[in-house]
There are 2 protein chains.
Amino acid sequence: MPRLFRLPPSRVKGIMSNPKSDQKKMEAVVSLCRRRAFIFQSSEIYGGLNGCWDYGPLGVELKRNIKEAWWRDNVTSREDIVGVDCSILMNPKVWEASGHTTSFSDPMIDCTQCRGRFRADHIIGNQCPTCGTKDKFTEVRQFNLMFKTYVGALEDGSSQTYLRPETCQGIFANFSNIVSTSRVKVPFGIAQIGKAFRNEINPRNFTFRSREFEQMEMEFFVKPDAAEAAKWYEYWKKERYNWYLKYGIQPSRLHLREHEDNELAHYAEGCADIEYDFPFGRAELEGIANRGDYDLRRHSEFSKKDQSYFDPESQTKYVPYVIEPSAGADRATLAFLVDAYEEEGERTVLRFDPRIAPIKAAILPLVNKDGMPEIAEKLYRELRKKWNVYYDDKGAVGRRYRRQDEAGTPFCFTIDGDSASQQSVTVRERDSMAQQRIALSEVGNFLSKALDS
Amino acid sequence: MPRLFRLPPSRVKGIMSNPKSDQKKMEAVVSLCRRRAFIFQSSEIYGGLNGCWDYGPLGVELKRNIKEAWWRDNVTSREDIVGVDCSILMNPKVWEASGHTTSFSDPMIDCTQCRGRFRADHIIGNQCPTCGTKDKFTEVRQFNLMFKTYVGALEDGSSQTYLRPETCQGIFANFSNIVSTSRVKVPFGIAQIGKAFRNEINPRNFTFRSREFEQMEMEFFVKPDAAEAAKWYEYWKKERYNWYLKYGIQPSRLHLREHEDNELAHYAEGCADIEYDFPFGRAELEGIANRGDYDLRRHSEFSKKDQSYFDPESQTKYVPYVIEPSAGADRATLAFLVDAYEEEGERTVLRFDPRIAPIKAAILPLVNKDGMPEIAEKLYRELRKKWNVYYDDKGAVGRRYRRQDEAGTPFCFTIDGDSASQQSVTVRERDSMAQQRIALSEVGNFLSKALDS
């Protein structure tokens with residue numbers, strides 16, 4: 001996501017003006033995430049670290065399923081896209097070429113009275129938000145949002161580098177390597193999932209704006225022709241918008257918003273955001289940008305290595321244009337969580353698409369006797385080989401259903417008094433709560449079908 | 001891998017004394033990795049960054065398959081282990097508790113003549129390896145191997161933290177969260193795959209000792225009883241050793257080595273390494289440690305939050321003991337690459353187990369006419385939905401086989417002149433090079449069976 005100039009805070013709309021019900025929903029989701037081990041504060045026992053989050057046992061499976069779906073849909077099932085996995089620490093010249101060293105910054109000021117530091121554009125009435133003093137600020141200075149560190153035994157300018165603020169530069173830096181080794185042909189894409197870091201002054205909205213986050217990015221290289229680039233830009237906007245719908249996001253809450261001209265970077269031909277109506281406001285899940293040849297040209301210039309591509313069809317050399325769909329894996333995870341969340345009478349339910357649900361099914365012996373546990377355990381062990389399933393024999397079956405609803409488990413298989421004689425179980429479906437009876441031997445097929453992509 | 005005192009360099013045996021043939025093999029593997037897009041130097045067009053590596057299109061699929069196999073075998077297919085995914089940046093108190101802030105260091109000295117900096121234990125004859133001056137070194141000082149950075153708007157002690165040097169502390173810091181939210185019962189494990197960083201003074205041996213690397217770690221919590229811990233320690237040594245064999249590592253090259261008493265950390269009851277005979281010497285792939293209650297006790301002490309566990313069976317509270325199998329994902333990837341590598345007459349072949357092979361099958365129309373491309377493309381599109389498969393119609397079929405051998409692709413399906421009339425293809429198996437004819441409609445089943453875990 002190499003957008004050189006960051007979005008002003010007003011781009012997350014409605015944070016201050018939400019109806020109370022939305023705040024309540026957000027609080028409920030955050031509470032459920034903590035209670036059911038989706039998401040914890042990082043290093044919580046030490047008071048946490050602002051802007052960093054840990055995924056617990058349910059959260060890690062949810063996020064893995066989302067990333068796996070993205071990889072399958074955008075890499076392995078496609079003929080025209082290959083993957084990479086690049087390092088977080090890179091040669092610092094990469095960030096000179098990308099422009100981050102000079103331009104990836106927020107305007108900051110210090111209060112000379114209390115020495116507090118603030119974003120200049122967040123100060124209202126020239127008054128210090130900490131000590132209340134007026135008109136006692138330093139000049140505005142630019143604060144670079146990259147985390148810096150030192151590589152090697154010395155701590156000086158020569159060894160200073162950064163935690164990558166975006167994954168895509170690893171893709172651009174490997175463009176010529178991949179062209180020369182991987183038989184790719186324009187149009188083609190290079191995709192990557194990986195962590196990135198931004199020293200946000202004000203991390204906020206749970207995992208939405210965090211300092212450590214994971215991106216799912218792709219650079220799709222096309223002929224350097226405006227019409228061709230525009231065609232693929234339209235293609236990827238549609239494709240990526242539909243991807244969220246495919247895994248269950250409600251269409252009424254998902255928006256594709258074309259940027260205004262004054263939002264565009266100087267080199268960009270077009271940029272659109274896929275936005276989701278979070279309880280804290282409408283905010284960006286993914287950006288799709290038509291970036292021309294800006295990035296590869298910058299790397300040609302700074303590395304002094306030609307980044308052009310020889311087209312065997314047209315027998316010409318050119319620097320391709322690039323369309324970039326850049327998504328946040330944590331933001332997608334949060335959107336799927338919020339979107340799936342519902343309070344329905346007495347129960348709380350996460351209506352995840354079965355393919356992204358952390359637990360695929362629960363196996364419940366109605367009571368712990370009359371041979372039911374034996375059948376249930378056998379079924380559980382069988383299913384466990386292939387899927388993340390859960391065994392629960394504690395308490396009333398109604399309460400066990402509620403517990404699975406809250407985890408987003410799409411199916412419960414209950415072994416009851418007839419299971420032994422009939423060799424059958426009941427399937428209880430999470431959303432409709434409808435129950436049907438199926439043969440024990442059919443349970444695997446039932447799940448396979450429900451989880452088929 | 002919270003081993004407080006790092007291994008001396010002599011633990012990678014035989015680096016200096018290898019027979020020439022091994023060096024040749026290592027060079028051949030590194031060259032193949034570059035040529036076939038398994039592994040590139042990070043930021044190569046800018047001269048790289050020492051100790052950092054990028055996985056290209058084939059490498060990323062290989063490494064993903066290895067990590068996926070580990071996760072499946074150690075998390076989702078098991079009843080007693082849950083996963084987490086914790087942040088790389090953590091509250092710095094974590095590293096005080098773990099001991100890294102004070103003890104995770106190498107002894108360094110500077111040459112006062114040329115100002116070069118070296119590991120004290122690498123200097124021979126008190127002579128500077130750079131300028132040759134003798135006896136002109138500073139005192140030895142400890143150089144901490146954690147990468148440091150600053151979180152927030154200020155750069156001072158209060159904002160300083162580190163890139164995690166190991167993933168396991170995220171597990172320990174979340175122990176009480178997981179116990180209270182996830183219905184786990186001792187004995188149980190918490191597993192994690194993720195990046196870690198160590199500012200190694202001398203990264204070396206390709207991806208084996210790098211500054212940025214990925215770990216596959218698990219903490220398995222057991223009753224605080226020496227016999228119980230010893231039992232699980234034995235269990236995990238065997239389990240983890242066999243895991244590498246399961247995915248094809250040759251037993252003659254894999255060793256389980258119990259540590260000598262003088263190698264053990266003061267609190268450890270036992271520690272064993274799984275070692276592999278790399279071309280550069282025998283070196284550690286994974287460590288399995290019987291760590292007692294050291295880690296949780298330290299976190300209780302430093303966080304002032306009780307890390308004990310209430311056992312519902314015995315109705316007692318205790319701090320569990322822990323067995324830790326800690327593997328390197330990059331080291332495993334390198335071992336699988338090296339182990340699979342073979343030069344056999346005219347061909348170079350990577351004999352990957354089909355389950356970890358980056359490409360599962362190639363689909364090859366014998367010639368580009370007589371309806372063969374149509375059948376081949378249809379088959380390719382069908383298989384592509386489920387597996388990473390490759391289509392190749394360029395050049396003689398023998399050369400195409402060689403190309404797949406070098407990528408480690410286990411099967412080639414060739415569509416020939418009889419395919420249309422007989423609705424069949426030939427399967428050519430990579431290792432034996434044997435060919436057999438199977439029905440077109442059976443290709444999916446054939447692959448499913450070969451890739452079944």
# chains A, B, ... in the order shown; residues from 1 in each chain; ligands from 1
$ residues_around --residues "segment 433-446 of chain A" --least-positions-apart "2" --cutoff "10 Å" --atoms "only C-alpha atoms" --output "PyMOL selection string"
chain A and resi 375-376+379+382-383+386-387+401+405+410-415+419-420+422-431+448-451
$ residues_around --residues "Ile171 of chain A" --least-positions-apart "4" --cutoff "10 Å" --atoms "only C-alpha atoms" --output "list in words"
Gly83, Val84, Asp85, Cys86, Thr167, Phe175, Ser176, Asn177, Ile178, Gly189, Ile190, Ala191, Gln192, Glu217, Met218 and Glu219 of chain A; Ser43, Asp54 and Gly56 of chain B
$ atom_distance --atom1 "atom CA of Leu364 of chain A" --atom2 "atom CA of Tyr391 of chain A"
6.3 Å
$ closest_atom_pairs --of "chain A" --to "chain B" --cutoff "7 Å" --atoms "only C-alpha atoms" --output "JSON lines"
{"residue": "A:Arg35", "atom": "CA", "partner": "B:Thr181", "partner_atom": "CA", "distance": 6.0}
{"residue": "A:Arg36", "atom": "CA", "partner": "B:Thr181", "partner_atom": "CA", "distance": 5.7}
{"residue": "A:Ala37", "atom": "CA", "partner": "B:Thr181", "partner_atom": "CA", "distance": 5.9}
{"residue": "A:Ser42", "atom": "CA", "partner": "B:Met90", "partner_atom": "CA", "distance": 6.4}
{"residue": "A:Ser43", "atom": "CA", "partner": "B:Asn91", "partner_atom": "CA", "distance": 5.8}
{"residue": "A:Ile45", "atom": "CA", "partner": "B:Ser303", "partner_atom": "CA", "distance": 6.0}
{"residue": "A:Tyr46", "atom": "CA", "partner": "B:Ser303", "partner_atom": "CA", "distance": 5.6}
{"residue": "A:Gly48", "atom": "CA", "partner": "B:Asn91", "partner_atom": "CA", "distance": 6.1}
{"residue": "A:Leu49", "atom": "CA", "partner": "B:Asn91", "partner_atom": "CA", "distance": 5.2}
{"residue": "A:Cys52", "atom": "CA", "partner": "B:Ser87", "partner_atom": "CA", "distance": 6.2}
{"residue": "A:Trp53", "atom": "CA", "partner": "B:Ser87", "partner_atom": "CA", "distance": 6.0}
{"residue": "A:Asp54", "atom": "CA", "partner": "B:Cys86", "partner_atom": "CA", "distance": 4.2}
{"residue": "A:Tyr55", "atom": "CA", "partner": "B:Asp85", "partner_atom": "CA", "distance": 4.9}
{"residue": "A:Gly56", "atom": "CA", "partner": "B:Val84", "partner_atom": "CA", "distance": 4.8}
{"residue": "A:Pro57", "atom": "CA", "partner": "B:Gly83", "partner_atom": "CA", "distance": 4.9}
{"residue": "A:Val60", "atom": "CA", "partner": "B:Val84", "partner_atom": "CA", "distance": 5.6}
{"residue": "A:Thr76", "atom": "CA", "partner": "B:Asn388", "partner_atom": "CA", "distance": 5.2}
{"residue": "A:Ser77", "atom": "CA", "partner": "B:Lys385", "partner_atom": "CA", "distance": 5.1}
{"residue": "A:Val82", "atom": "CA", "partner": "B:Pro57", "partner_atom": "CA", "distance": 5.5}
{"residue": "A:Gly83", "atom": "CA", "partner": "B:Pro57", "partner_atom": "CA", "distance": 4.9}
{"residue": "A:Val84", "atom": "CA", "partner": "B:Gly56", "partner_atom": "CA", "distance": 4.8}
{"residue": "A:Asp85", "atom": "CA", "partner": "B:Tyr55", "partner_atom": "CA", "distance": 4.9}
{"residue": "A:Cys86", "atom": "CA", "partner": "B:Asp54", "partner_atom": "CA", "distance": 4.2}
{"residue": "A:Ser87", "atom": "CA", "partner": "B:Asp54", "partner_atom": "CA", "distance": 5.7}
{"residue": "A:Met90", "atom": "CA", "partner": "B:Ser43", "partner_atom": "CA", "distance": 5.9}
{"residue": "A:Asn91", "atom": "CA", "partner": "B:Leu49", "partner_atom": "CA", "distance": 5.2}
{"residue": "A:Lys93", "atom": "CA", "partner": "B:Tyr46", "partner_atom": "CA", "distance": 6.8}
{"residue": "A:Arg117", "atom": "CA", "partner": "B:Ala153", "partner_atom": "CA", "distance": 6.8}
{"residue": "A:Phe147", "atom": "CA", "partner": "B:Thr149", "partner_atom": "CA", "distance": 6.4}
{"residue": "A:Lys148", "atom": "CA", "partner": "B:Thr149", "partner_atom": "CA", "distance": 5.8}
{"residue": "A:Thr149", "atom": "CA", "partner": "B:Thr149", "partner_atom": "CA", "distance": 5.3}
{"residue": "A:Tyr150", "atom": "CA", "partner": "B:Phe147", "partner_atom": "CA", "distance": 6.8}
{"residue": "A:Val151", "atom": "CA", "partner": "B:Asn199", "partner_atom": "CA", "distance": 6.4}
{"residue": "A:Gly152", "atom": "CA", "partner": "B:Ile201", "partner_atom": "CA", "distance": 5.9}
{"residue": "A:Ala153", "atom": "CA", "partner": "B:Ile201", "partner_atom": "CA", "distance": 6.3}
{"residue": "A:Ala173", "atom": "CA", "partner": "B:Ser43", "partner_atom": "CA", "distance": 5.9}
{"residue": "A:Ile178", "atom": "CA", "partner": "B:Ala37", "partner_atom": "CA", "distance": 6.8}
{"residue": "A:Thr181", "atom": "CA", "partner": "B:Arg36", "partner_atom": "CA", "distance": 5.7}
{"residue": "A:Ser182", "atom": "CA", "partner": "B:Ala37", "partner_atom": "CA", "distance": 6.7}
{"residue": "A:Asn199", "atom": "CA", "partner": "B:Gly152", "partner_atom": "CA", "distance": 6.2}
{"residue": "A:Ile201", "atom": "CA", "partner": "B:Gly152", "partner_atom": "CA", "distance": 5.9}
{"residue": "A:Ser303", "atom": "CA", "partner": "B:Tyr46", "partner_atom": "CA", "distance": 5.6}
{"residue": "A:Lys305", "atom": "CA", "partner": "B:Ile45", "partner_atom": "CA", "distance": 6.9}
{"residue": "A:Arg384", "atom": "CA", "partner": "B:Ser77", "partner_atom": "CA", "distance": 5.2}
{"residue": "A:Lys385", "atom": "CA", "partner": "B:Ser77", "partner_atom": "CA", "distance": 5.1}
{"residue": "A:Lys386", "atom": "CA", "partner": "B:Ser77", "partner_atom": "CA", "distance": 7.0}
{"residue": "A:Trp387", "atom": "CA", "partner": "B:Thr76", "partner_atom": "CA", "distance": 6.9}
{"residue": "A:Asn388", "atom": "CA", "partner": "B:Thr76", "partner_atom": "CA", "distance": 5.2}
$ write_last_selection --atoms "N, CA and C atoms" --output "tab-separated table (two decimals), in the first residue's frame"
chain	number	residue	atom	x	y	z
A	35	ARG	N	-13.58	-12.59	25.70
A	35	ARG	CA	-14.18	-13.69	26.46
A	35	ARG	C	-13.99	-15.04	25.77
A	36	ARG	N	-14.05	-15.03	24.44
A	36	ARG	CA	-13.98	-16.30	23.72
A	36	ARG	C	-12.64	-16.48	23.00
A	37	ALA	N	-11.64	-15.74	23.42
A	37	ALA	CA	-10.27	-15.98	22.96
A	37	ALA	C	-10.09	-15.75	21.46
A	42	SER	N	-1.95	-7.34	23.40
A	42	SER	CA	-0.59	-7.90	23.48
A	42	SER	C	-0.01	-7.65	24.86
A	43	SER	N	0.75	-8.63	25.39
A	43	SER	CA	1.44	-8.50	26.69
A	43	SER	C	0.51	-7.97	27.77
A	45	ILE	N	-0.63	-8.99	30.58
A	45	ILE	CA	-0.26	-9.07	32.00
A	45	ILE	C	0.73	-7.98	32.40
A	46	TYR	N	1.33	-7.32	31.42
A	46	TYR	CA	2.24	-6.19	31.71
A	46	TYR	C	1.60	-4.85	31.37
A	48	GLY	N	-0.09	-4.31	28.59
A	48	GLY	CA	-0.26	-4.19	27.15
A	48	GLY	C	0.80	-3.36	26.46
A	49	LEU	N	0.67	-3.26	25.15
A	49	LEU	CA	1.50	-2.35	24.35
A	49	LEU	C	0.54	-1.72	23.35
A	52	CYS	N	-0.89	-2.94	19.64
A	52	CYS	CA	-0.49	-4.31	19.32
A	52	CYS	C	-1.48	-5.30	19.92
A	53	TRP	N	-1.80	-6.34	19.19
A	53	TRP	CA	-2.84	-7.29	19.56
A	53	TRP	C	-2.38	-8.72	19.32
A	54	ASP	N	-2.93	-9.64	20.13
A	54	ASP	CA	-2.64	-11.06	19.96
A	54	ASP	C	-3.92	-11.80	19.58
A	55	TYR	N	-3.81	-12.76	18.72
A	55	TYR	CA	-4.95	-13.60	18.38
A	55	TYR	C	-4.92	-14.86	19.24
A	56	GLY	N	-6.02	-15.13	19.91
A	56	GLY	CA	-6.14	-16.32	20.74
A	56	GLY	C	-6.57	-17.53	19.92
A	57	PRO	N	-6.85	-18.65	20.58
A	57	PRO	CA	-7.16	-19.90	19.87
A	57	PRO	C	-8.27	-19.79	18.82
A	60	VAL	N	-7.00	-16.99	15.99
A	60	VAL	CA	-5.93	-17.41	15.08
A	60	VAL	C	-6.50	-18.30	13.97
A	76	THR	N	-3.04	-19.54	-5.58
A	76	THR	CA	-2.93	-20.93	-6.06
A	76	THR	C	-4.01	-21.33	-7.06
A	77	SER	N	-5.20	-20.74	-6.96
A	77	SER	CA	-6.23	-21.17	-7.91
A	77	SER	C	-6.16	-20.36	-9.20
A	82	VAL	N	1.54	-15.29	-8.94
A	82	VAL	CA	2.45	-16.08	-8.11
A	82	VAL	C	2.63	-15.38	-6.76
A	83	GLY	N	3.10	-16.13	-5.78
A	83	GLY	CA	3.28	-15.57	-4.44
A	83	GLY	C	4.74	-15.31	-4.11
A	84	VAL	N	4.95	-14.49	-3.11
A	84	VAL	CA	6.28	-14.31	-2.51
A	84	VAL	C	6.11	-14.13	-1.00
A	85	ASP	N	7.21	-14.26	-0.28
A	85	ASP	CA	7.22	-13.97	1.16
A	85	ASP	C	8.55	-13.29	1.48
A	86	CYS	N	8.49	-11.98	1.61
A	86	CYS	CA	9.72	-11.18	1.73
A	86	CYS	C	9.97	-10.79	3.17
A	87	SER	N	11.22	-10.39	3.44
A	87	SER	CA	11.58	-10.08	4.81
A	87	SER	C	11.02	-8.72	5.23
A	90	MET	N	14.49	-4.65	5.41
A	90	MET	CA	15.01	-4.56	4.04
A	90	MET	C	16.12	-3.52	3.99
A	91	ASN	N	16.86	-3.56	2.89
A	91	ASN	CA	17.88	-2.53	2.69
A	91	ASN	C	17.21	-1.15	2.72
A	93	LYS	N	17.64	1.57	1.36
A	93	LYS	CA	17.46	2.29	0.09
A	93	LYS	C	16.09	2.05	-0.53
A	117	ARG	N	3.59	15.49	23.50
A	117	ARG	CA	3.73	15.55	22.04
A	117	ARG	C	2.43	15.14	21.37
A	147	PHE	N	9.07	2.56	11.99
A	147	PHE	CA	9.85	2.14	13.15
A	147	PHE	C	11.28	1.92	12.69
A	148	LYS	N	12.23	2.55	13.38
A	148	LYS	CA	13.60	2.29	12.93
A	148	LYS	C	14.34	1.34	13.87
A	149	THR	N	15.34	0.71	13.31
A	149	THR	CA	16.19	-0.17	14.12
A	149	THR	C	17.58	-0.21	13.48
A	150	TYR	N	18.51	-0.87	14.16
A	150	TYR	CA	19.88	-0.93	13.65
A	150	TYR	C	20.27	-2.38	13.41
A	151	VAL	N	20.85	-2.62	12.26
A	151	VAL	CA	21.25	-3.97	11.89
A	151	VAL	C	22.77	-4.09	11.94
A	152	GLY	N	23.27	-5.06	12.70
A	152	GLY	CA	24.71	-5.23	12.82
A	152	GLY	C	25.20	-4.69	14.15
A	153	ALA	N	26.50	-4.65	14.31
A	153	ALA	CA	27.08	-4.37	15.63
A	153	ALA	C	27.15	-2.89	15.95
A	173	ALA	N	10.69	-4.88	-5.38
A	173	ALA	CA	12.13	-5.14	-5.36
A	173	ALA	C	12.47	-6.50	-5.97
A	178	ILE	N	11.75	-12.24	-10.36
A	178	ILE	CA	10.65	-13.15	-10.67
A	178	ILE	C	10.44	-13.25	-12.17
A	181	THR	N	13.00	-15.66	-13.53
A	181	THR	CA	13.06	-17.05	-13.04
A	181	THR	C	11.73	-17.80	-13.14
A	182	SER	N	10.61	-17.10	-13.34
A	182	SER	CA	9.32	-17.76	-13.10
A	182	SER	C	8.37	-17.84	-14.28
A	199	ASN	N	4.28	3.40	13.10
A	199	ASN	CA	4.30	3.97	14.44
A	199	ASN	C	3.20	5.03	14.57
A	201	ILE	N	0.59	7.51	15.86
A	201	ILE	CA	0.57	8.28	17.10
A	201	ILE	C	-0.66	7.91	17.93
A	303	SER	N	18.05	2.00	-7.80
A	303	SER	CA	18.94	0.82	-7.77
A	303	SER	C	19.89	0.84	-8.96
A	305	LYS	N	19.22	-0.35	-11.67
A	305	LYS	CA	19.03	-1.62	-12.38
A	305	LYS	C	17.72	-1.52	-13.15
A	384	ARG	N	-11.69	-34.86	13.20
A	384	ARG	CA	-10.54	-34.08	13.65
A	384	ARG	C	-9.34	-34.20	12.71
A	385	LYS	N	-9.25	-35.35	12.03
A	385	LYS	CA	-8.12	-35.55	11.11
A	385	LYS	C	-8.12	-34.51	9.99
A	386	LYS	N	-9.33	-34.06	9.65
A	386	LYS	CA	-9.46	-33.16	8.50
A	386	LYS	C	-9.83	-31.73	8.87
A	387	TRP	N	-10.60	-31.58	9.95
A	387	TRP	CA	-11.13	-30.25	10.27
A	387	TRP	C	-10.93	-29.91	11.73
A	388	ASN	N	-10.99	-28.62	12.02
A	388	ASN	CA	-10.95	-28.16	13.40
A	388	ASN	C	-12.36	-28.33	14.00
$ select_by_dssp --residues "segment 330-393 of chain A" --states "helix (DSSP H, G or I)" --output "count of residues only"
24
$ closest_residue --among "A:Gly398, A:Pro312, A:Gly270, A:Pro129" --to "Gly292 of chain A" --atoms "only C-alpha atoms"
A:Gly270
$ atom_distance --atom1 "atom CA of Arg253 of chain A" --atom2 "atom CA of Lys25 of chain A"
14.8 Å
$ closest_residue --among "A:Ala357, A:Ile193, A:Val322, A:Cys128" --to "Phe336 of chain A" --atoms "only C-alpha atoms"
A:Ala357
$ select_by_dssp --residues "segment 386-440 of chain B" --states "strand (DSSP E or B)" --output "number ranges by chain"
B: 389-391, 411-415, 424-429, 435-439
$ residues_around --residues "segment 124-126 of chain B" --least-positions-apart "4" --cutoff "12 Å" --atoms "only C-alpha atoms" --output "MDAnalysis selection string"
chainID B and resid 109:111 118:120 132:138
$ write_last_selection --atoms "all heavy atoms" --output "compact mmCIF listing (two decimals), in the first residue's frame"
# COMPACT_ATOMS: atom_id res chain seq x y z
N ILE B 109 34.36 -6.99 20.99
CA ILE B 109 35.47 -6.06 21.21
C ILE B 109 35.68 -5.21 19.97
O ILE B 109 35.32 -5.61 18.86
CB ILE B 109 36.81 -6.78 21.54
CG1 ILE B 109 37.05 -7.91 20.53
CG2 ILE B 109 36.81 -7.32 22.96
CD1 ILE B 109 38.39 -8.57 20.72
N ASP B 110 36.25 -4.01 20.17
CA ASP B 110 36.56 -3.12 19.05
C ASP B 110 38.08 -3.07 18.87
O ASP B 110 38.82 -3.10 19.86
CB ASP B 110 36.09 -1.69 19.33
CG ASP B 110 34.58 -1.60 19.37
OD1 ASP B 110 33.91 -2.63 19.12
OD2 ASP B 110 34.06 -0.50 19.66
N CYS B 111 38.52 -2.97 17.61
CA CYS B 111 39.92 -2.71 17.33
C CYS B 111 40.11 -1.18 17.42
O CYS B 111 39.42 -0.43 16.71
CB CYS B 111 40.28 -3.21 15.93
SG CYS B 111 41.91 -2.67 15.40
N PHE B 118 34.17 -6.88 16.53
CA PHE B 118 34.20 -8.33 16.33
C PHE B 118 33.70 -9.08 17.55
O PHE B 118 33.72 -8.54 18.66
CB PHE B 118 35.64 -8.79 16.04
CG PHE B 118 36.32 -7.96 15.02
CD1 PHE B 118 37.14 -6.90 15.40
CD2 PHE B 118 36.13 -8.20 13.68
CE1 PHE B 118 37.75 -6.09 14.46
CE2 PHE B 118 36.73 -7.40 12.72
CZ PHE B 118 37.56 -6.35 13.12
N ARG B 119 33.31 -10.32 17.34
CA ARG B 119 32.99 -11.18 18.48
C ARG B 119 34.30 -11.57 19.15
O ARG B 119 35.21 -12.09 18.50
CB ARG B 119 32.23 -12.42 18.04
CG ARG B 119 30.72 -12.22 18.20
CD ARG B 119 29.96 -13.45 17.88
NE ARG B 119 30.21 -14.53 18.82
CZ ARG B 119 29.44 -15.60 18.89
NH1 ARG B 119 28.39 -15.70 18.10
NH2 ARG B 119 29.72 -16.55 19.74
N ALA B 120 34.34 -11.34 20.46
CA ALA B 120 35.60 -11.56 21.20
C ALA B 120 36.10 -12.99 21.02
O ALA B 120 37.29 -13.23 20.85
CB ALA B 120 35.40 -11.24 22.67
N GLY B 132 44.87 -6.22 10.89
CA GLY B 132 46.05 -7.01 11.23
C GLY B 132 46.81 -6.54 12.47
O GLY B 132 47.76 -7.19 12.89
N THR B 133 46.38 -5.41 13.04
CA THR B 133 47.05 -4.91 14.24
C THR B 133 46.88 -5.89 15.39
O THR B 133 45.84 -6.55 15.51
CB THR B 133 46.46 -3.55 14.65
OG1 THR B 133 46.38 -2.71 13.50
CG2 THR B 133 47.32 -2.87 15.72
N LYS B 134 47.91 -5.97 16.24
CA LYS B 134 47.87 -6.91 17.37
C LYS B 134 47.68 -6.16 18.68
O LYS B 134 48.18 -5.03 18.83
CB LYS B 134 49.19 -7.71 17.41
CG LYS B 134 48.96 -9.22 17.22
CD LYS B 134 50.23 -10.02 17.36
CE LYS B 134 49.94 -11.26 18.18
NZ LYS B 134 51.04 -12.22 18.15
N ASP B 135 46.96 -6.80 19.59
CA ASP B 135 46.85 -6.29 20.97
C ASP B 135 46.31 -4.86 21.07
O ASP B 135 46.72 -4.12 21.96
CB ASP B 135 48.23 -6.36 21.67
CG ASP B 135 48.70 -7.80 21.79
OD1 ASP B 135 47.84 -8.68 21.99
OD2 ASP B 135 49.91 -8.03 21.65
N LYS B 136 45.45 -4.44 20.16
CA LYS B 136 44.92 -3.07 20.25
C LYS B 136 43.40 -3.10 20.39
O LYS B 136 42.68 -2.33 19.76
CB LYS B 136 45.31 -2.27 18.99
CG LYS B 136 46.77 -1.90 18.91
CD LYS B 136 47.09 -0.75 19.89
CE LYS B 136 48.53 -0.29 19.68
NZ LYS B 136 48.91 0.71 20.72
N PHE B 137 42.93 -4.05 21.22
CA PHE B 137 41.48 -4.17 21.37
C PHE B 137 40.98 -3.46 22.63
O PHE B 137 41.71 -3.35 23.62
CB PHE B 137 41.07 -5.64 21.42
CG PHE B 137 41.22 -6.34 20.11
CD1 PHE B 137 42.25 -7.25 19.89
CD2 PHE B 137 40.34 -6.07 19.07
CE1 PHE B 137 42.39 -7.89 18.68
CE2 PHE B 137 40.47 -6.71 17.86
CZ PHE B 137 41.50 -7.64 17.65
N THR B 138 39.75 -3.03 22.59
CA THR B 138 39.08 -2.51 23.79
C THR B 138 38.77 -3.68 24.71
O THR B 138 38.92 -4.85 24.34
CB THR B 138 37.75 -1.83 23.43
OG1 THR B 138 36.93 -2.80 22.78
CG2 THR B 138 37.96 -0.64 22.52
$ closest_residue --among "B:Glu139, B:Asp393, B:Glu342, B:Glu269" --to "Ala229 of chain B" --atoms "only C-alpha atoms"
B:Glu269
$ residues_around --residues "Pro279 of chain B" --least-positions-apart "3" --cutoff "7 Å" --atoms "only C-alpha atoms" --output "MDAnalysis selection string"
chainID B and resid 22:23 25:26
$ write_last_selection --atoms "all heavy atoms" --output "short mmCIF file (atom, residue, chain, number, x, y, z; two decimals), in the first residue's frame"
data_model
loop_
_atom_site.label_atom_id
_atom_site.label_comp_id
_atom_site.auth_asym_id
_atom_site.auth_seq_id
_atom_site.Cartn_x
_atom_site.Cartn_y
_atom_site.Cartn_z
N ASP B 22 30.77 -31.65 -0.23
CA ASP B 22 29.66 -31.07 0.48
C ASP B 22 29.49 -29.58 0.16
O ASP B 22 28.39 -29.09 0.03
CB ASP B 22 29.84 -31.25 1.98
CG ASP B 22 29.49 -32.66 2.40
OD1 ASP B 22 28.98 -33.44 1.55
OD2 ASP B 22 29.73 -32.99 3.54
N GLN B 23 30.62 -28.91 0.06
CA GLN B 23 30.56 -27.50 -0.30
C GLN B 23 29.96 -27.35 -1.69
O GLN B 23 29.17 -26.44 -1.94
CB GLN B 23 31.97 -26.90 -0.29
CG GLN B 23 32.68 -27.09 1.03
CD GLN B 23 33.31 -25.79 1.54
OE1 GLN B 23 33.02 -24.72 1.04
NE2 GLN B 23 34.15 -25.90 2.54
N LYS B 25 27.82 -29.35 -3.06
CA LYS B 25 26.39 -29.60 -2.98
C LYS B 25 25.66 -28.35 -2.47
O LYS B 25 24.63 -27.95 -3.01
CB LYS B 25 26.09 -30.78 -2.06
CG LYS B 25 24.58 -31.00 -1.90
CD LYS B 25 24.22 -32.28 -1.21
CE LYS B 25 22.70 -32.36 -1.05
NZ LYS B 25 22.24 -33.58 -0.42
N MET B 26 26.24 -27.72 -1.44
CA MET B 26 25.58 -26.55 -0.89
C MET B 26 25.48 -25.45 -1.94
O MET B 26 24.45 -24.80 -2.09
CB MET B 26 26.34 -26.06 0.35
CG MET B 26 25.56 -25.08 1.21
SD MET B 26 24.04 -25.80 1.87
CE MET B 26 23.05 -24.32 2.12
#
